[in-house]
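This is structure_26.txt. It holds compact mmCIF, C-alpha atoms.
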```
# COMPACT_ATOMS: atom_id res chain seq x y z
CA MET A 1 -64.60 56.03 91.50
CA GLY A 2 -65.87 54.43 88.29
CA ALA A 3 -66.81 55.58 84.86
CA GLY A 4 -68.19 54.02 81.70
CA HIS A 5 -66.63 54.67 78.31
CA HIS A 6 -68.14 53.64 74.98
CA HIS A 7 -65.93 53.16 71.96
CA THR A 8 -67.28 50.58 69.52
CA GLY A 9 -68.91 47.82 71.53
CA PRO A 10 -72.15 47.86 73.47
CA SER A 11 -72.14 48.56 77.13
CA PRO A 12 -72.57 45.67 79.54
CA GLY A 13 -76.15 45.33 80.59
CA THR A 14 -77.54 46.23 77.18
CA SER A 15 -79.01 43.88 74.58
CA GLY A 16 -76.84 45.08 71.70
CA THR A 17 -74.35 42.21 71.39
CA ALA A 18 -72.23 41.98 68.26
CA SER A 19 -74.23 39.12 66.74
CA ALA A 20 -77.67 40.65 67.34
CA ALA A 21 -77.34 42.69 64.14
CA TYR A 22 -77.10 39.45 62.15
CA ARG A 23 -80.21 37.73 63.48
CA GLY A 24 -82.04 38.07 60.15
CA ARG A 25 -79.14 36.69 58.14
CA LEU A 26 -78.76 33.76 60.52
CA LEU A 27 -82.47 32.99 60.10
CA ILE A 28 -82.12 32.94 56.30
CA ALA A 29 -79.04 30.72 56.63
CA LEU A 30 -81.07 28.35 58.83
CA VAL A 31 -83.80 28.05 56.16
CA ILE A 32 -81.13 27.35 53.54
CA ALA A 33 -79.49 24.71 55.76
CA VAL A 34 -82.78 22.88 56.38
CA THR A 35 -83.58 22.92 52.64
CA LEU A 36 -80.15 21.58 51.80
CA LEU A 37 -80.42 18.87 54.47
CA VAL A 38 -83.57 17.50 52.86
CA VAL A 39 -81.99 17.56 49.38
CA GLN A 40 -78.82 15.77 50.53
CA LEU A 41 -80.62 13.13 52.59
CA VAL A 42 -82.76 12.26 49.57
CA GLY A 43 -79.66 12.28 47.37
CA ALA A 44 -77.71 10.04 49.76
CA TRP A 45 -80.64 7.60 49.93
CA LEU A 46 -80.94 7.42 46.14
CA THR A 47 -77.22 7.17 45.37
CA GLY A 48 -75.78 5.41 48.43
CA SER A 49 -72.99 8.02 48.58
CA LEU A 50 -71.17 8.17 51.92
CA ALA A 51 -69.75 11.58 50.99
CA LEU A 52 -73.28 12.90 50.51
CA LEU A 53 -74.41 11.28 53.75
CA ALA A 54 -71.40 12.79 55.55
CA ASP A 55 -72.19 16.18 54.08
CA ALA A 56 -75.85 15.77 55.09
CA GLY A 57 -74.74 14.99 58.64
CA HIS A 58 -72.64 18.10 58.65
CA VAL A 59 -75.55 20.15 57.30
CA ALA A 60 -77.66 18.80 60.15
CA THR A 61 -75.13 20.23 62.59
CA ASP A 62 -75.15 23.44 60.53
CA ALA A 63 -78.86 23.77 61.10
CA THR A 64 -78.54 22.87 64.77
CA GLY A 65 -75.62 25.23 65.25
CA ILE A 66 -77.38 28.15 63.56
CA ALA A 67 -80.53 27.47 65.60
CA VAL A 68 -78.41 27.47 68.78
CA ALA A 69 -76.78 30.73 67.68
CA LEU A 70 -80.19 32.32 67.16
CA ALA A 71 -81.39 31.08 70.54
CA ALA A 72 -78.26 32.49 72.17
CA ILE A 73 -78.92 35.90 70.62
CA GLY A 74 -82.38 35.80 72.15
CA PHE A 75 -80.95 34.97 75.58
CA ALA A 76 -78.24 37.61 75.25
CA ALA A 77 -80.91 40.24 74.55
CA ARG A 78 -82.47 39.73 77.98
CA PRO A 79 -81.85 42.69 80.28
CA ALA A 80 -79.42 42.56 83.18
CA SER A 81 -80.78 41.88 86.64
CA GLU A 82 -79.62 42.14 90.24
CA ARG A 83 -78.56 38.49 90.07
CA ARG A 84 -77.05 38.56 86.56
CA THR A 85 -75.50 42.00 86.31
CA PHE A 86 -74.11 41.36 82.82
CA GLY A 87 -77.34 39.73 81.66
CA PHE A 88 -77.07 36.61 79.46
CA ALA A 89 -74.42 37.99 77.08
CA ARG A 90 -72.18 34.94 77.58
CA ALA A 91 -74.91 32.68 76.18
CA GLU A 92 -73.46 33.43 72.75
CA ILE A 93 -70.03 32.14 73.79
CA LEU A 94 -71.59 28.97 75.16
CA ALA A 95 -73.41 28.55 71.83
CA ALA A 96 -70.10 28.84 69.97
CA LEU A 97 -68.60 26.18 72.24
CA LEU A 98 -71.59 23.89 71.69
CA ASN A 99 -71.09 24.29 67.94
CA CYS A 100 -67.52 23.07 68.41
CA VAL A 101 -68.73 19.94 70.19
CA LEU A 102 -71.22 19.24 67.39
CA LEU A 103 -68.59 19.73 64.69
CA LEU A 104 -66.08 17.42 66.37
CA GLY A 105 -68.76 14.79 66.88
CA VAL A 106 -69.71 14.83 63.19
CA GLY A 107 -66.05 14.68 62.19
CA GLY A 108 -65.49 11.59 64.32
CA TYR A 109 -68.59 9.88 62.93
CA ILE A 110 -67.48 10.51 59.36
CA VAL A 111 -64.03 9.01 60.00
CA VAL A 112 -65.50 5.84 61.53
CA GLU A 113 -67.93 5.35 58.64
CA ALA A 114 -65.22 6.07 56.07
CA VAL A 115 -62.96 3.37 57.51
CA LYS A 116 -65.81 0.86 57.30
CA ARG A 117 -66.70 1.89 53.74
CA PHE A 118 -63.06 1.79 52.59
CA GLN A 119 -62.92 -1.90 53.51
CA GLU A 120 -66.23 -2.62 51.79
CA PRO A 121 -66.75 0.01 49.05
CA ALA A 122 -70.26 0.52 47.70
CA GLU A 123 -71.37 1.40 44.20
CA VAL A 124 -72.03 5.15 43.93
CA PRO A 125 -73.69 6.63 40.80
CA GLY A 126 -71.62 9.65 39.77
CA VAL A 127 -74.06 11.86 37.85
CA PRO A 128 -76.82 12.13 40.52
CA THR A 129 -74.16 12.72 43.16
CA VAL A 130 -72.67 15.58 41.11
CA ILE A 131 -76.10 17.17 40.70
CA VAL A 132 -76.85 17.08 44.44
CA GLY A 133 -73.32 18.26 45.24
CA VAL A 134 -73.63 21.29 42.94
CA ILE A 135 -76.98 22.22 44.51
CA GLY A 136 -75.37 22.01 47.95
CA LEU A 137 -72.39 24.08 46.81
CA ALA A 138 -74.63 26.87 45.48
CA LEU A 139 -76.79 27.02 48.63
CA ASN A 140 -73.76 26.99 50.93
CA CYS A 141 -72.08 29.81 48.99
CA LEU A 142 -75.23 31.88 49.50
CA SER A 143 -75.10 31.26 53.26
CA LEU A 144 -71.41 32.17 53.35
CA LEU A 145 -72.14 35.52 51.72
CA LEU A 146 -74.83 36.19 54.31
CA LEU A 147 -72.53 35.47 57.26
CA MET A 148 -69.18 36.73 55.90
CA ARG A 149 -69.26 40.11 57.63
CA GLY A 150 -70.77 38.97 60.93
CA GLN A 151 -68.14 36.25 61.52
CA LYS A 152 -65.48 38.96 61.87
CA GLU A 153 -67.36 40.61 64.74
CA SER A 154 -68.92 37.76 66.74
CA LEU A 155 -67.71 34.34 67.91
CA ASN A 156 -71.33 33.21 67.88
CA VAL A 157 -71.77 34.10 64.20
CA ARG A 158 -68.28 32.75 63.44
CA GLY A 159 -69.33 29.37 64.81
CA ALA A 160 -72.24 29.29 62.36
CA PHE A 161 -70.01 30.61 59.56
CA LEU A 162 -67.41 27.88 60.12
CA GLU A 163 -70.17 25.27 60.05
CA VAL A 164 -71.27 26.53 56.63
CA LEU A 165 -67.69 26.96 55.37
CA ALA A 166 -66.79 23.37 56.23
CA ASP A 167 -69.96 22.20 54.50
CA THR A 168 -69.14 24.29 51.42
CA LEU A 169 -65.75 22.61 51.21
CA GLY A 170 -67.56 19.32 51.77
CA SER A 171 -69.83 20.00 48.81
CA LEU A 172 -66.74 20.65 46.69
CA ALA A 173 -65.31 17.32 47.85
CA VAL A 174 -68.58 15.56 46.97
CA VAL A 175 -68.57 17.00 43.45
CA ALA A 176 -64.90 16.17 42.95
CA SER A 177 -65.31 12.57 44.12
CA ALA A 178 -68.36 12.05 41.92
CA LEU A 179 -66.45 13.35 38.88
CA VAL A 180 -63.59 10.93 39.67
CA ILE A 181 -66.09 8.06 39.85
CA ILE A 182 -67.61 9.07 36.48
CA VAL A 183 -64.22 9.33 34.76
CA THR A 184 -62.33 6.43 36.38
CA GLY A 185 -64.93 4.24 38.08
CA TRP A 186 -62.90 4.30 41.33
CA THR A 187 -65.68 4.19 43.92
CA ARG A 188 -63.33 4.68 46.87
CA ALA A 189 -63.08 8.32 45.79
CA ASP A 190 -66.36 8.78 47.66
CA VAL A 191 -64.70 7.52 50.86
CA VAL A 192 -61.66 9.74 50.35
CA ALA A 193 -63.94 12.76 49.90
CA SER A 194 -65.73 12.00 53.16
CA LEU A 195 -62.38 11.80 55.00
CA ILE A 196 -61.34 15.15 53.50
CA ILE A 197 -64.58 16.65 54.80
CA ALA A 198 -63.80 15.37 58.29
CA LEU A 199 -60.22 16.68 58.21
CA MET A 200 -61.40 20.13 57.10
CA ILE A 201 -63.70 20.38 60.10
CA VAL A 202 -61.15 19.83 62.88
CA PRO A 203 -58.60 22.70 62.64
CA ARG A 204 -61.15 25.51 62.40
CA THR A 205 -63.22 23.94 65.15
CA VAL A 206 -60.24 23.73 67.52
CA LYS A 207 -59.39 27.38 66.84
CA LEU A 208 -62.95 28.49 67.56
CA ALA A 209 -63.05 26.39 70.76
CA ARG A 210 -59.80 27.99 71.94
CA GLU A 211 -61.20 31.49 71.39
CA ALA A 212 -64.45 30.64 73.18
CA LEU A 213 -62.56 29.15 76.12
CA ASP A 214 -60.39 32.27 76.33
CA VAL A 215 -63.55 34.33 76.80
CA LEU A 216 -64.92 31.96 79.43
CA LEU A 217 -61.56 31.97 81.25
CA GLU A 218 -61.57 35.79 81.09
CA ALA A 219 -58.30 36.05 79.18
CA ALA A 220 -57.33 39.46 77.84
CA PRO A 221 -58.72 40.09 74.31
CA LYS A 222 -56.13 39.22 71.68
CA ASP A 223 -56.32 42.72 70.17
CA VAL A 224 -55.65 44.48 73.49
CA ASP A 225 -52.01 44.71 74.62
CA VAL A 226 -52.21 44.85 78.43
CA ALA A 227 -48.62 46.13 78.71
CA GLU A 228 -49.52 49.02 76.40
CA VAL A 229 -52.65 49.76 78.43
CA ARG A 230 -50.50 49.90 81.57
CA ARG A 231 -48.01 52.23 79.88
CA HIS A 232 -50.72 54.61 78.68
CA ILE A 233 -52.29 54.82 82.13
CA LEU A 234 -48.91 55.55 83.76
CA ASP A 235 -48.27 58.30 81.18
CA VAL A 236 -51.33 60.27 82.36
CA THR A 237 -50.24 63.34 84.35
CA GLY A 238 -50.65 62.80 88.09
CA VAL A 239 -50.68 59.01 87.99
CA GLU A 240 -48.03 57.42 90.21
CA SER A 241 -48.77 53.72 89.81
CA LEU A 242 -51.53 51.21 89.24
CA HIS A 243 -52.55 47.75 90.38
CA ASP A 244 -55.30 45.17 89.84
CA LEU A 245 -55.45 45.86 86.11
CA HIS A 246 -57.91 43.46 84.48
CA VAL A 247 -59.00 43.30 80.84
CA TRP A 248 -61.46 40.64 79.71
CA THR A 249 -64.38 40.01 77.38
CA ILE A 250 -68.00 39.49 78.36
CA THR A 251 -68.98 38.40 74.85
CA SER A 252 -67.92 39.23 71.30
CA GLY A 253 -67.75 42.99 70.86
CA MET A 254 -67.90 43.67 74.62
CA PRO A 255 -64.36 43.98 76.05
CA VAL A 256 -64.19 45.57 79.52
CA LEU A 257 -61.45 46.92 81.77
CA SER A 258 -61.03 47.71 85.47
CA VAL A 259 -58.03 49.09 87.31
CA HIS A 260 -56.98 50.77 90.56
CA VAL A 261 -54.99 53.94 89.82
CA VAL A 262 -52.76 55.58 92.46
CA VAL A 263 -52.82 59.37 92.04
CA GLU A 264 -50.56 62.01 93.57
CA ASP A 265 -51.98 63.09 96.94
CA LYS A 266 -51.73 66.79 96.09
CA LEU A 267 -54.00 66.34 93.07
CA LEU A 268 -56.68 64.60 95.10
CA GLU A 269 -56.40 67.28 97.78
CA ALA A 270 -56.77 69.96 95.10
CA GLY A 271 -59.92 68.28 93.82
CA GLU A 272 -58.41 67.39 90.43
CA HIS A 273 -59.61 63.79 90.45
CA ASP A 274 -62.22 64.62 87.81
CA ARG A 275 -59.50 65.86 85.48
CA VAL A 276 -57.42 62.73 86.01
CA LEU A 277 -60.45 60.52 85.43
CA HIS A 278 -61.30 62.40 82.23
CA ASP A 279 -57.71 62.06 80.98
CA LEU A 280 -57.73 58.31 81.68
CA GLN A 281 -60.98 57.86 79.77
CA ALA A 282 -59.77 59.96 76.86
CA CYS A 283 -56.46 58.11 76.68
CA LEU A 284 -57.90 54.60 76.68
CA GLY A 285 -60.78 55.60 74.41
CA ALA A 286 -58.37 56.98 71.82
CA HIS A 287 -55.98 54.02 71.76
CA PHE A 288 -57.89 50.87 72.72
CA ASP A 289 -61.10 49.18 71.63
CA VAL A 290 -62.67 48.72 75.07
CA ALA A 291 -66.44 48.96 75.50
CA HIS A 292 -66.49 49.76 79.21
CA CYS A 293 -63.79 51.03 81.59
CA THR A 294 -63.92 51.28 85.38
CA PHE A 295 -61.25 53.26 87.23
CA GLN A 296 -60.73 53.47 90.97
CA LEU A 297 -58.64 56.50 91.87
CA GLU A 298 -56.90 56.25 95.22
CA PRO A 299 -54.16 58.02 97.20
CA ARG A 300 -50.70 56.61 97.85
CA GLY A 301 -50.73 53.90 100.54
CA HIS A 302 -54.44 53.12 100.14
CA TRP A 303 -53.74 49.71 98.61
CA ALA A 304 -52.28 48.40 101.88
CA HIS A 305 -55.57 49.12 103.66
CA GLU A 306 -57.90 47.56 101.10
CA ALA A 307 -59.90 44.54 102.16
CA GLN A 308 -58.58 41.26 100.78
CA VAL A 309 -61.75 40.83 98.72
CA CYS A 310 -60.91 43.99 96.75
CA HIS A 311 -57.49 42.80 95.58
```
Exercise: express the given structure as structure tokens:
Amino acid sequence: MGAGHHHTGPSPGTSGTASAAYRGRLLIALVIAVTLLVVQLVGAWLTGSLALLADAGHVATDATGIAVALAAIGFAARPASERRTFGFARAEILAALLNCVLLLGVGGYIVVEAVKRFQEPAEVPGVPTVIVGVIGLALNCLSLLLLMRGQKESLNVRGAFLEVLADTLGSLAVVASALVIIVTGWTRADVVASLIIALMIVPRTVKLAREALDVLLEAAPKDVDVAEVRRHILDVTGVESLHDLHVWTITSGMPVLSVHVVVEDKLLEAGEHDRVLHDLQACLGAHFDVAHCTFQLEPRGHWAHEAQVCH
């Protein structure tokens, strides 16, 4: 006996994933990223700044990551089918994971180039580098404002947000290193700035990768206490026990739950299963942010007769 319950997230099988509402903002952020990429590549070519080149490489992954996020939203909007009963909702999680791979790759490249440049420092003109860095900082701050809200609701949007955040910090590092070069003439400041950019990328990327892998491995959502869910179900009048309780996430904003609930025989015989089912829905809906719940009500002893595939 199953039932669907809607609380805040979209129901599985629909196209309303958490990041779909931010498609327009992601598109604007993509235009900004491409514009900034052109500016920084030209600036790096004119000045020879490794920090600018590193930031341009990161912006390139920004643009790629945002484009991937947009493509994933398009895939996730496809309707469910007999073969893919949850549709393509997980495409957004895969996009977030791909963003992690891109970020780590750029971080590694920057470190390698910085080591080479530290041994053989190049002359870097400070004033043009500052100008390009300030332009990058302003454009990145605009993108951050566009994606600030969406990153709290969707791993897909958060991947794009973290790309832009790391690049914003990178732009700050570029400006700071250029000012050091202007004041002191120490050209290795450009190399130090590029290393700082790389180090800023890694921790946030690892955190995002861990969250994406948790979804793919069908771990319980971090904001759902499974022990509390179990306690609430057992507190419903007429419920004797439960088994096969599963809570997982299809994609951001789409947590789901399924459970087998053992009900007192006399209640099932009296035809009160609808009341028990209603109470279970009301209880979980009031206390937990779960988009879709499925309950199987069964009499005492039924579990021993279930087919192995149902366990």
>> Taking (-66.5, 11.3, 54.0) in the coordinates of the supplied file, I want to know which residues reach to within 10 Å of it, counting all atoms listed in the file; could you give the answer as a PyMOL selection string?
In response: chain A and resi 49-55+107+109-115+117+170+173-174+189-199
Taking a cut-off of 10 Å and counting all atoms listed in the file, can you build a table that, for each residue of stretch 229-279 of chain A near stretch 201-214 of chain A, reports the nearest atom pair and how far apart they are in Å (one decimal), sorted by chain then residue number, as JSON lines?
```
{"residue": "A:Trp248", "atom": "CA", "partner": "A:Asp214", "partner_atom": "CA", "distance": 9.1}
{"residue": "A:Thr249", "atom": "CA", "partner": "A:Asp214", "partner_atom": "CA", "distance": 8.8}
{"residue": "A:Thr251", "atom": "CA", "partner": "A:Ala212", "partner_atom": "CA", "distance": 9.1}
{"residue": "A:Ser252", "atom": "CA", "partner": "A:Ala212", "partner_atom": "CA", "distance": 9.5}
```
One residue among A:Ala178, A:Leu102, A:Ile131, A:Leu146 is nearest to A:Gly159 when using all atoms listed in the file, and that residue is A:Leu102
**Request:** For each of A:Ile73, A:Ile66, A:Ala91, A:Ile135, take the minimum atom-to-atom distance to A:Leu216, counting all atoms listed in the file, then give the residue where this is smallest.
**Result:**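 Closest residue, counting all atoms listed in the file: A:Ala91.
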With distances taken over all atoms listed in the file, which residue among A:Ser143, A:Thr184, A:Gln281, A:Thr64 lies nearest A:Val229?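 Going through A:Ser143, A:Thr184, A:Gln281, A:Thr64 one by one, the smallest distance to A:Val229 is for A:Gln281.
Proximity of A:Leu103, A:Ile93, A:Thr85, A:Ala160 to A:Leu30, computed with all atoms listed in the file, is greatest for A:Ala160.
Shortest separation to A:Thr35 among A:Val256, A:Pro128, A:Thr47, A:Leu139 occurs at residue A:Leu139, atoms counted being only C-alpha atoms.
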**OP:** Compare A:Ile181, A:Leu257, A:Ala60, A:Leu36 by their minimum atom-to-atom distance to A:Gly105, counting only C-alpha atoms, and give me the closest one.
**Re:**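 With only C-alpha atoms as the atom set, the closest residue is A:Ala60.
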* Please provide the set of residues having any atom within 9 Å of A:Val263, restricted to all atoms listed in the file, with same-chain residues fewer than 4 positions apart removed, written as an MDAnalysis selection string. => chainID A and resid 238:242 267:268 273 276 297:300
Give me a file of those residues, with C-alpha atoms, as a PDB file, keeping the file's coordinate frame.
```pdb
ATOM      1  CA  GLY A 238     -50.650  62.800  88.090  1.00  0.00           C
ATOM      2  CA  VAL A 239     -50.680  59.010  87.990  1.00  0.00           C
ATOM      3  CA  GLU A 240     -48.030  57.420  90.210  1.00  0.00           C
ATOM      4  CA  SER A 241     -48.770  53.720  89.810  1.00  0.00           C
ATOM      5  CA  LEU A 242     -51.530  51.210  89.240  1.00  0.00           C
ATOM      6  CA  LEU A 267     -54.000  66.340  93.070  1.00  0.00           C
ATOM      7  CA  LEU A 268     -56.680  64.600  95.100  1.00  0.00           C
ATOM      8  CA  HIS A 273     -59.610  63.790  90.450  1.00  0.00           C
ATOM      9  CA  VAL A 276     -57.420  62.730  86.010  1.00  0.00           C
ATOM     10  CA  LEU A 297     -58.640  56.500  91.870  1.00  0.00           C
ATOM     11  CA  GLU A 298     -56.900  56.250  95.220  1.00  0.00           C
ATOM     12  CA  PRO A 299     -54.160  58.020  97.200  1.00  0.00           C
ATOM     13  CA  ARG A 300     -50.700  56.610  97.850  1.00  0.00           C
TER      14      ARG A 300
END
```
Would you give the centre and edge lengths, in Å to one decimal, of a box along x, y and z around the listed atoms of stretch 82-94 of chain A, with 5 Å added to each side, as lines of an AutoDock Vina configuration file?
```
center_x = -74.8
center_y = 35.6
center_z = 81.5
size_x = 19.6
size_y = 23.2
size_z = 27.5
```
What is the distance, in Å and to one decimal place, between atom CA of A:Val164 and atom CA of A:Phe88?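 That distance, rounded to one decimal, is 25.6 Å.
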Show me, as a list in words, the residues that have an atom within 12 Å of A:Ala71 when counting all atoms listed in the file, minus same-chain residues fewer than 4 positions from it.
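The residues that qualify are Ser19, Ala20, Arg23, Leu26, Leu27, Thr64, Gly65, Ile66, Ala67, Phe75, Ala76, Ala77, Arg78, Phe88, Ala89, Ala91, Glu92, Ile93, Leu94, Ala95, Ala96, Asn156 and Val157 of chain A.
Atom pair atom CA of A:Ala220 / atom CA of A:Ala166: separated by 28.6 Å.
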